[in-house]
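Please read the structure below before turning to the comments.
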Amino acid sequence: MARAADRFVCQSCGAVYPRWIGRCDACGEWNSIVEEAAPEAVPKGLGSGKGRRVTLTGLDSPATPPPRRPTGIAELDRVTGGGLVPGSALLVAGDPGIGKSTLLLQAAAVMARNGAAVAYVSGEESPDQVQMRAKRLGLADAPVQLGAATAVRDILATFDEGTAPDLLVVDSIQTMYLDSLDSAPGTVTQVRAAAHELIRFAKRRGTVLVLVGHVTKEGQVAGPRLLEHMVDAVLYFEGERVHQFRVLRSVKNRFGPSNEIGVFEMTDGGLAEVANPSALFLSQRSGGISGSAVFAGIEGSRPVLVEIQALVAPSPLATPRRAVVGWDAGRLAMILAVLDTRCGLALTGKDIYLNVAGGLRIAEPAADLAVAAALVSSLHDRPVPEMAVVFGEVGLSGEVRPVSHSDARLREAAKLGFERAFVPATRGRRHDGIALSEVVRLADLVDMLVDASDVRHGVKETDSR
Ligand code: TYD
Ligand code: MG
């Protein structure tokens with residue numbers, strides 16, 4: 001059969017083009033278009049086959065929700081919404097080397113020890129390498145069935161006869177391939193087709209399927225984005241490789257809450273759960289230094305306190321540097337503009353660095369006020385009161401807006417011994433143990449930080465202790 005013409009596929013989003021282009025029109029990624037063999041032609045329309053009748057039911061079903069399988073790792077259970085759901089597919093995505101294989105080997109071993117039938121298929125490492133890691137983690141005795149394979153046909157042949165495992169970990173999906181397809185492993189076509197076959201197997205046999213997916217910047221290998229709509233839940237494993245903290249974040253979950261986080265610490269003995277992330281994120285804070293503010297944030301259902309650090313320095317450059325780690329650069333530009341225009345701070349011509357300590361990524365607008373506090377503190381070289389937390393959203397006219405869950409934020413702050421909070425207008429609300437400094441306009445915060453005794457109009461000090 002004559003081969004259909006090759007086509008060009010974006011390895012980031014899967015868009016197809018007739019010829020190569022430098023930048024994908026669909027997702028904006030550069031250099032992500034790769035030539036792939038076209039799949040065999042599909043007959044147009046429905047053809048002549050007759051369809052089967054679909055059984056229709058009402059919305060109310062007597063079926064009980066599927067029982068979950070707790071993993072035995074509390075942080076992982078929290079992120080998945082109480083454990084893994086049989087017959088579902090979970091994607092664990094993250095940068096290479098961040099600890100995905102370590103986490104899943106630990107979870108597999110704990111579940112196997114608790115009596116589940118667990119299989120771990122590695123397409124990247126040889127059994128020796130995985131065994132060595134298991135030994136180092138003290139998990140060598142766990143009854144995990146370990147295999148090295150990359151052909152999906154072999155994997156299905158292994159597990160589809162007899163009893164299917166309760167948990168099947170496939171590390172990683174980018175190394176898997178179907179021999180019926182022409183494209184190389186790691187291309188969009190292969191990754192999609194391999195995932196599809198494995199997911200079908202999991203649904204058919206009631207197995208929990210966990211796929212590992214590498215996030216790739218260069219687009220040489222298809223990214224996990226492509227799979228997000230195919231699987232039931234997506235967890236991103238984030239962190240800076242130089243930091244020991246790792247955050248497991250659910251971005252999609254058909255069976256539970258999304259945007260929940262689990263916090264781990266990478267140690268010599270593998271990943272350790274962090275039950276109290278606030279204490280950990282604040283552990284390296286040194287008091288009395290300007291340019292640092294503690295943000296009382298909410299991640300998923302959980303309050304987390306983190307330190308936000310800013311450095312404002314005179315710039316020798318015509319276009320001063322703006323560098324951000326852990327926060328949105330566009331949001332920083334907005335806060336700088338508001339501080340400049342509404343509060344009269346001289347920030348143009350200054351290099352500005354912003355860092356969320358510990359490697360956490362913050363997406364909440366509630367961090368605006370804390371970012372502003374860190375910037376003002378650095379600019380004027382005045383420390384933010386040491387035992388104070390800050391949260392609130394900043395609007396373009398310089399007003400400070402209330403944010404959700406302020407009670408939970410304050411409770412967490414009180415629990416960790418904080419005594420004061422800079423917060424949006426509280427409408428008379430109080431909080432035991434914490435003195436609330438209401439900030440109505442951003443300019444008020446500037447006054448409060450620069451001269452704590454100068455309480456301007458519109459700012460009330462409510463001490464409820
Ligand atoms: P790994 O799980 O192989 O990452 P991924 O599967 O996401 O590519 O983790 C690799 C890194 O983790 C490696 O740089 C070493 C580090 N590590 C530890 O610090 N302690 C440990 O006990 C283990 C097993 C790994
Ligand atoms: Mg790995």
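FYI, nothing fancy with the structure tokens labels: chains A, B, ... in order, residues from 1 per chain, ligands from 1 as they appear.
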Check: DSSP says helix (DSSP H, G or I) for which residues of stretch 3-93 of chain A? Put them as a ChimeraX atom specification?
Finding: /A:74-80
Item checked: Contact residues around A:Arg331 with only C-alpha atoms at 10 Å, ignoring same-chain residues under 2 positions, as a list in words -> Trp327, Asp328, Ala329, Ala333, Met334, Ile335, Leu336, Ala337, Ala363, Pro365, Ala367, Asp368 and Val371 of chain A
Got time to write the residues from that selection, N, CA and C atoms, as an mmCIF file, in the first residue's frame?
data_model
loop_
_atom_site.group_PDB
_atom_site.id
_atom_site.type_symbol
_atom_site.label_atom_id
_atom_site.label_comp_id
_atom_site.auth_asym_id
_atom_site.auth_seq_id
_atom_site.Cartn_x
_atom_site.Cartn_y
_atom_site.Cartn_z
ATOM 1 N N TRP A 327 6.328 32.975 41.016
ATOM 2 C CA TRP A 327 5.131 33.804 40.881
ATOM 3 C C TRP A 327 5.020 34.266 39.445
ATOM 4 N N ASP A 328 3.878 34.867 39.115
ATOM 5 C CA ASP A 328 3.639 35.268 37.745
ATOM 6 C C ASP A 328 4.306 36.623 37.437
ATOM 7 N N ALA A 329 5.119 36.661 36.375
ATOM 8 C CA ALA A 329 5.850 37.887 36.049
ATOM 9 C C ALA A 329 4.896 39.020 35.654
ATOM 10 N N ALA A 333 4.518 42.791 37.348
ATOM 11 C CA ALA A 333 4.539 44.054 36.599
ATOM 12 C C ALA A 333 3.351 44.919 37.014
ATOM 13 N N MET A 334 2.195 44.277 37.234
ATOM 14 C CA MET A 334 1.003 45.029 37.630
ATOM 15 C C MET A 334 1.182 45.660 39.017
ATOM 16 N N ILE A 335 1.697 44.871 39.962
ATOM 17 C CA ILE A 335 1.904 45.401 41.313
ATOM 18 C C ILE A 335 2.889 46.574 41.273
ATOM 19 N N LEU A 336 3.945 46.435 40.464
ATOM 20 C CA LEU A 336 4.928 47.516 40.353
ATOM 21 C C LEU A 336 4.276 48.776 39.792
ATOM 22 N N ALA A 337 3.419 48.586 38.789
ATOM 23 C CA ALA A 337 2.747 49.743 38.190
ATOM 24 C C ALA A 337 1.835 50.420 39.205
ATOM 25 N N ALA A 363 -0.117 30.832 42.740
ATOM 26 C CA ALA A 363 -0.933 31.343 41.644
ATOM 27 C C ALA A 363 -2.032 32.272 42.156
ATOM 28 N N PRO A 365 -4.126 35.378 43.500
ATOM 29 C CA PRO A 365 -4.010 36.847 43.538
ATOM 30 C C PRO A 365 -3.900 37.356 44.969
ATOM 31 N N ALA A 367 -1.804 36.824 46.959
ATOM 32 C CA ALA A 367 -0.408 37.084 47.304
ATOM 33 C C ALA A 367 0.005 38.511 46.953
ATOM 34 N N ASP A 368 -0.843 39.231 46.198
ATOM 35 C CA ASP A 368 -0.502 40.593 45.765
ATOM 36 C C ASP A 368 0.033 41.462 46.899
ATOM 37 N N VAL A 371 3.397 40.456 48.186
ATOM 38 C CA VAL A 371 4.439 40.834 47.235
ATOM 39 C C VAL A 371 4.730 42.333 47.372
#
Next item on the list: Using only C-alpha atoms and all ligand atoms, find each residue with an atom at most 8 Å away from ligand 2 and format the answer as a VMD selection string.
Entry: chain A and resid 96 to 97 99 to 102 124 to 125 171 to 172 212
Next item on the list: Per DSSP on the backbone, filter stretch 8-227 of chain A down to the residues in strand (DSSP E) and report them as a PyMOL selection string.
Entry: chain A and resi 8-10+16-17+33-36+89-94+118-122+144-148+167-171+208-214
Notebook entry, point to check: Would you name the residues within 10 Å of ligand 1, counting only C-alpha atoms and all ligand atoms, and put them as a ChimeraX atom specification?
Noted result: /A:92-106,124-125,130,132-138,171-172,212-215,237-238,241-242,244,265-272
Note to self: If we count only C-alpha atoms and set the cut-off at 6 Å, which residues sit around stretch 302-311 of chain A, ignoring sequence neighbours fewer than 6 positions away in its own chain? Please answer as a PyMOL selection string.
What the structure shows: chain A and resi 278+281+291-296+352-357+374-375+378+409
Checklist line | Polymer residues at most 10 Å from stretch 109-117 of chain A, only C-alpha atoms, same-chain spacing of 6 or more positions, as JSON, numbers by chain | finding: {"A": [69, 70, 71, 72, 73, 103, 134, 138, 139, 140, 141, 142, 143, 144, 145, 163, 164, 165, 166, 167, 168, 207]}
Next item on the list: Pick out the residues sitting within 12 Å of stretch 441-449 of chain A, and hand them over as a ChimeraX atom specification; count only C-alpha atoms, and ignore anything fewer than 6 positions along from it in its own chain.
Entry: /A:290-293,335-345,368-386,388,390-402,421-425,455-461
Checklist line | Surrounding residues of A:Ile434 excluding itself and chain neighbours under 6 positions, 12 Å, only C-alpha atoms, as a list of chain:residue names | finding: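 Result of the neighbour search: A:Met387, A:Ala388, A:Val389, A:Val390, A:Asp407, A:Arg409, A:Leu410, A:Arg411, A:Glu412, A:Ala413, A:Ala414, A:Lys415, A:Leu416, A:Gly417, A:Phe418, A:Glu419, A:Arg420, A:Ala421, A:Phe422, A:Val423, A:Glu461, A:Thr462, A:Asp463, A:Ser464, A:Arg465.
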Notebook entry, point to check: Rounded to one decimal in Å, what is the spacing between atom CA of A:Val54 and atom CA of A:Val231?
Noted result: 22.9 Å
Notebook entry, point to check: Neighbours of A:Ala318 within 10 Å (only C-alpha atoms; same-chain residues fewer than 3 positions away dropped), as a PyMOL selection string?
Noted result: chain A and resi 315+321+349-350
Next item on the list: Enter the distance from atom CA of A:Gly28 to atom CA of A:Ser250, in Å, rounded to one decimal.
Entry: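 Those two atoms sit 24.4 Å apart.
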